[in-house]
Amino acid sequence: MFSRLLLGIAALGLSFTSCKKDDEQPSPIQQQDGFFYGEKAALGQSETQAYVRIGDDGAPVEAGIIVPEAAMASLDTHAVMLSLDLPAKARSLTAYQHMMFDWMPHGHEPEGLFDKPHFDLHFYYTSEAERVAIQATDTVQFMKPVEGGYIPAPYINIGGVPQMGAHWIDPTGSPFNGEPFTSVLIYGSYDGEVTFLEPMITRSFIEQEKTFQLPILQPDQFPEAGKYYPTVYGVEYDAARRQYRLYVGGFLKD
């Protein structure tokens, strides 16, 4: 089953859009509520943008991507794969350098598991160039063990995807034990190093719940000392701005 899952992801993951812009000059709203913005890209009939929110103490509160209601409502049956730089504030305080944001209108294999319309959010510790260099033939690098407790013990490696890396799932999680898929948290690695964190969330769960937060199972160690790492992921609906924020948050300093 899991090998078919990776084949399905691979079929969709060979092309993506990158639009290198950085719009970090604080607007009055940014100065007021701590939002800083990275790259933006077209999404549906609107646009999406990477962001980080900084607290009064200077620590990150959440980092992720903004999806306006207009974008959510106008998403169609075409897959969208975006590679976006996080704002400099996020790159300096957290270990994440860039993110991939994917809209999977038909989900992907295996059938009956992840075949619902959903979003994938990959938060990468590596640069875009390093990620793009990952090849389908890198089977040794995909399956190299990650030692030292950088991935939580329940997780298992189910194989790699070009331009992404190896994907690790928690087989005790609800989607793998007969419950409907609404959200799941995946770890990623390449050549024995943890390289990304990936929340997957269905569109229907977001539109039903609008605002929710779920825990991230924590590893014993983190890639870079002195950085902030998330303990939760979720969605925040901002009714005033008519937008959703899909994020990782609850940051604690290693």
# chains A, B, ... in the order shown; residues from 1 in each chain; ligands from 1
>>> residues_around(residues="Pro180 in chain A", least_positions_apart="6", cutoff="10 Å", atoms="only C-alpha atoms", output="ChimeraX atom specification")
/A:112-114,116,174
>>> write_last_selection(atoms="C-alpha atoms", output="PDB file, in the first residue's frame")
ATOM      1  CA  GLY A 112      -9.382   4.799   0.082  1.00  0.00           C
ATOM      2  CA  LEU A 113      -6.671   6.481   2.170  1.00  0.00           C
ATOM      3  CA  PHE A 114      -5.298   9.766   0.784  1.00  0.00           C
ATOM      4  CA  LYS A 116      -9.543  13.020  -0.835  1.00  0.00           C
ATOM      5  CA  SER A 174      -5.819   7.208  12.712  1.00  0.00           C
TER       6      SER A 174
END
>>> closest_atom_pairs(of="range 186-236 of chain A", to="range 150-153 of chain A", cutoff="8 Å", atoms="only C-alpha atoms", output="Markdown table")
| residue | atom | partner | partner_atom | distance |
| --- | --- | --- | --- | --- |
| A:Tyr187 | CA | A:Ile151 | CA | 7.0 |
| A:Val194 | CA | A:Tyr150 | CA | 6.6 |
| A:Leu217 | CA | A:Pro152 | CA | 6.7 |
| A:Gln218 | CA | A:Pro152 | CA | 6.1 |
| A:Pro219 | CA | A:Pro152 | CA | 4.4 |
| A:Asp220 | CA | A:Tyr150 | CA | 6.0 |
| A:Gln221 | CA | A:Tyr150 | CA | 4.9 |
| A:Phe222 | CA | A:Tyr150 | CA | 5.8 |
| A:Pro223 | CA | A:Tyr150 | CA | 7.2 |
>>> select_by_dssp(residues="range 53-244 of chain A", states="strand (DSSP E or B)", output="MDAnalysis selection string")
chainID A and resid 53:54 60:68 80:85 94 98:104 118:124 156:161 165:169 183:190 193:202 212:215 228:229 232:238 243:244
>>> residues_around(residues="Ala79 in chain A", least_positions_apart="3", cutoff="9 Å", atoms="only C-alpha atoms", output="PyMOL selection string")
chain A and resi 12+76+102-106
>>> residues_around(residues="range 47-50 of chain A", least_positions_apart="3", cutoff="7 Å", atoms="only C-alpha atoms", output="PyMOL selection string")
chain A and resi 37-43+64-67+71+84+86
>>> closest_residue(among="A:Ala129, A:Ile156, A:Leu121, A:Ala70", to="Leu246 in chain A", atoms="only C-alpha atoms")
A:Leu121
>>> residues_around(residues="Arg241 in chain A", least_positions_apart="4", cutoff="10 Å", atoms="only C-alpha atoms", output="number ranges by chain")
A: 68-69, 237
>>> closest_residue(among="A:Lys144, A:Lys89, A:Lys253, A:His167", to="Ile186 in chain A", atoms="only C-alpha atoms")
A:His167
